[in-house]
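Note sheet for the following structure.
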Amino acid sequence: MTKEELYDLKLKILRENKLQNIKDYFPKMTAYEYLYDCNKDRLDCFALNYLGRKITFKEFFEKIDNAAKAYAEMGIKSGDVVSMCMLTTPEALISFYALNKIGALVHLINIANSKEDIVKHLKNTDSKTFITLDIFYSNEMKNAMDKAHVTKVVVSSLSDSLPNVLNGDKLKFAIIELVKKKGNAVKLDDRCIGWDELQKTGSNSNLIVNSNYIPNQSVTIAYTSGSTGEAKAVVATNEAMNSMPVQMGMTDQTFAPNDSIFNTLPTWIYYSLVNNIHDPLCMGVSVDIDPLFDSKKIDKRLKQFKFNHWNTIPAYVED
């Protein structure tokens, strides 16, 4: 549905005074399908800008398809739970939409959780596959995977999608990864599959993975902060995710195709995944990504990205 069609729909609903029936207008498809449907005629436009590495919707969907085939080759199927502990990188978003296309449930875990809590969350969801960044995969995390009986670990790097040219961000990430090598367990764990290997598996696969929409199927789990006690699991469906861009399109006339939005929040925050990623992408807005945001460098990022929008939280802008 185009932006113009959404505005026409808004006027129609207002005229007919049928706001109570708004659910009738929500897309009956997976989050992946809706994302594709919104952008299938603008594949040459940019979906992501990862610190200077611009990814078109065409490339984005190709990588999603490869990842979906690779995850299917690993045995993941509709209804399975796959846990993900990622900062916002292209690999995190590709994995989310690839798993959504399969019909798997993506279980979002905060890296700040204790290893004991991570084990508990994995066991409670019977999650056998874990997706994470190499800088997070310490010996302690490996032990947590052992205790939770995880069988596959997909590991990507902060630098996997960075531009080929050497710049300050690439140097910074290289230093972080070098420091994190001490105590890193990726090469010690046969369960670990690198991102390049995953994409290669998908590109060489003959599987055909069709999007699998099931009405009211749970597709993501995240957790509350636990400020009132123990953190609680919050479940979302495809309908819930897709309702957001539809409602945004009907009520917010500030988003326009080819705008860009700056995202600094990790994927384990629903606000980031839905409002900063899925919403704008479905409305033709490019997402500028900075996974290790430094509020003191906001001027640099504004000059670099020239973004039109920035949704964030106070803790991320305090000096």
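The chains in the structure tokens are called A, B, ... from first to last as shown; in each chain the residues are counted from 1, and the ligands are counted from 1 in the order shown.
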
Margin query: I'd like the contact shell of stretch 199-201 of chain A - 6 Å cut-off, only C-alpha atoms, skipping same-chain residues fewer than 4 positions apart - returned as a PyMOL selection string.
Written below: chain A and resi 66-67+70

Write to file, as a tab-separated table (two decimals), in the first residue's frame, the residues of the selection just made, with N, CA, C and O atoms.
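again-v8.tsv written:
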```tsv
chain	number	residue	atom	x	y	z
A	66	ASN	N	18.67	-15.46	0.87
A	66	ASN	CA	19.80	-16.37	1.12
A	66	ASN	C	19.80	-16.86	2.55
A	66	ASN	O	20.02	-18.05	2.82
A	67	ALA	N	19.57	-15.93	3.48
A	67	ALA	CA	19.57	-16.31	4.90
A	67	ALA	C	18.41	-17.25	5.21
A	67	ALA	O	18.56	-18.21	5.97
A	70	ALA	N	19.37	-20.63	4.07
A	70	ALA	CA	20.40	-21.20	4.94
A	70	ALA	C	19.80	-21.65	6.27
A	70	ALA	O	20.13	-22.75	6.76
```

Notebook entry, point to check: as a ChimeraX atom specification, which residues of stretch 15-130 of chain A does DSSP assign to strand (DSSP E)?
Noted result: /A:46-50,53-56,81-85,105-108,129-130

Check: Looking at only C-alpha atoms, which of A:Met283, A:Ala236, A:Ile55, A:Leu87 is the one that sits closest to A:Thr264?
Finding: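 Of A:Met283, A:Ala236, A:Ile55, A:Leu87, the one nearest A:Thr264, counting only C-alpha atoms, is A:Leu87.
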
Would you mind listing what lies within 9 Å of A:Leu207 as an mmCIF file with N, CA, C and O atoms, in the first residue's frame, with only C-alpha atoms counted and same-chain residues fewer than 6 positions away left out?
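The file below, around_16.cif, is the result:
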```cif
data_model
loop_
_atom_site.group_PDB
_atom_site.id
_atom_site.type_symbol
_atom_site.label_atom_id
_atom_site.label_comp_id
_atom_site.auth_asym_id
_atom_site.auth_seq_id
_atom_site.Cartn_x
_atom_site.Cartn_y
_atom_site.Cartn_z
ATOM 1 N N LYS A 69 17.012 -19.413 3.203
ATOM 2 C CA LYS A 69 17.360 -20.747 2.704
ATOM 3 C C LYS A 69 18.392 -21.417 3.606
ATOM 4 O O LYS A 69 18.312 -22.627 3.867
ATOM 5 N N ALA A 70 19.366 -20.634 4.070
ATOM 6 C CA ALA A 70 20.398 -21.197 4.944
ATOM 7 C C ALA A 70 19.804 -21.654 6.269
ATOM 8 O O ALA A 70 20.131 -22.747 6.765
ATOM 9 N N ALA A 72 16.739 -22.540 6.746
ATOM 10 C CA ALA A 72 15.930 -23.723 6.430
ATOM 11 C C ALA A 72 16.817 -24.952 6.265
ATOM 12 O O ALA A 72 16.452 -26.063 6.689
ATOM 13 N N GLU A 73 17.989 -24.769 5.648
ATOM 14 C CA GLU A 73 18.943 -25.884 5.511
ATOM 15 C C GLU A 73 19.399 -26.377 6.884
ATOM 16 O O GLU A 73 19.713 -27.561 7.049
#
```

Check: A:Asp190: which residues within 10 Å, counting only C-alpha atoms, same-chain residues fewer than 5 positions away excluded, as an MDAnalysis selection string?
Finding: chainID A and resid 151:153 185

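Of the listed residues (A:Ile135, A:Leu265, A:Ala315, A:Leu122), A:Leu265 comes nearest to A:Pro291; the distances count only C-alpha atoms.
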
Item checked: Nearest to A:Phe293 by atom-to-atom distance, counting only C-alpha atoms, from A:Asn124, A:Thr88, A:Asn258, A:Leu198 ->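 For A:Phe293, the nearest of the given residues is A:Thr88.
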
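Among the candidates A:Thr125, A:Asn167, A:Ser211, A:Asp80, the residue lying nearest to A:Lys101 is A:Ser211 (atoms considered: only C-alpha atoms).
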
Item checked: Residues flagged helix (DSSP H, G or I) by DSSP in stretch 149-319 of chain A, as number ranges by chain -> A: 168-180, 186-188, 195-204, 238-251, 270-282, 295-305, 314-316

Next item on the list: Go through A:Gly103, A:Gly229, A:Gly183, A:Gly79 and flag the residue nearest A:Lys142, using only C-alpha atoms for the distances.
Entry: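 Checking each of A:Gly103, A:Gly229, A:Gly183, A:Gly79 against A:Lys142, counting only C-alpha atoms, the winner is A:Gly183.
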
Checklist line | Counting only C-alpha atoms, the option among A:Lys115, A:Gly168, A:Tyr316, A:Phe46 closest to A:Ser295 | finding: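 Closest candidate: A:Tyr316.
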
Notebook entry, point to check: Which neighbours of A:Leu178 fall inside 12 Å, counting only C-alpha atoms, when residues of the same chain fewer than 3 positions from it are skipped, and could you give them as a PyMOL selection string?
Noted result: chain A and resi 134-135+157-159+171-175+181-184

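Interatomic distance, atom CA of A:Asp41 to atom CA of A:Ala104: 26.7 Å.
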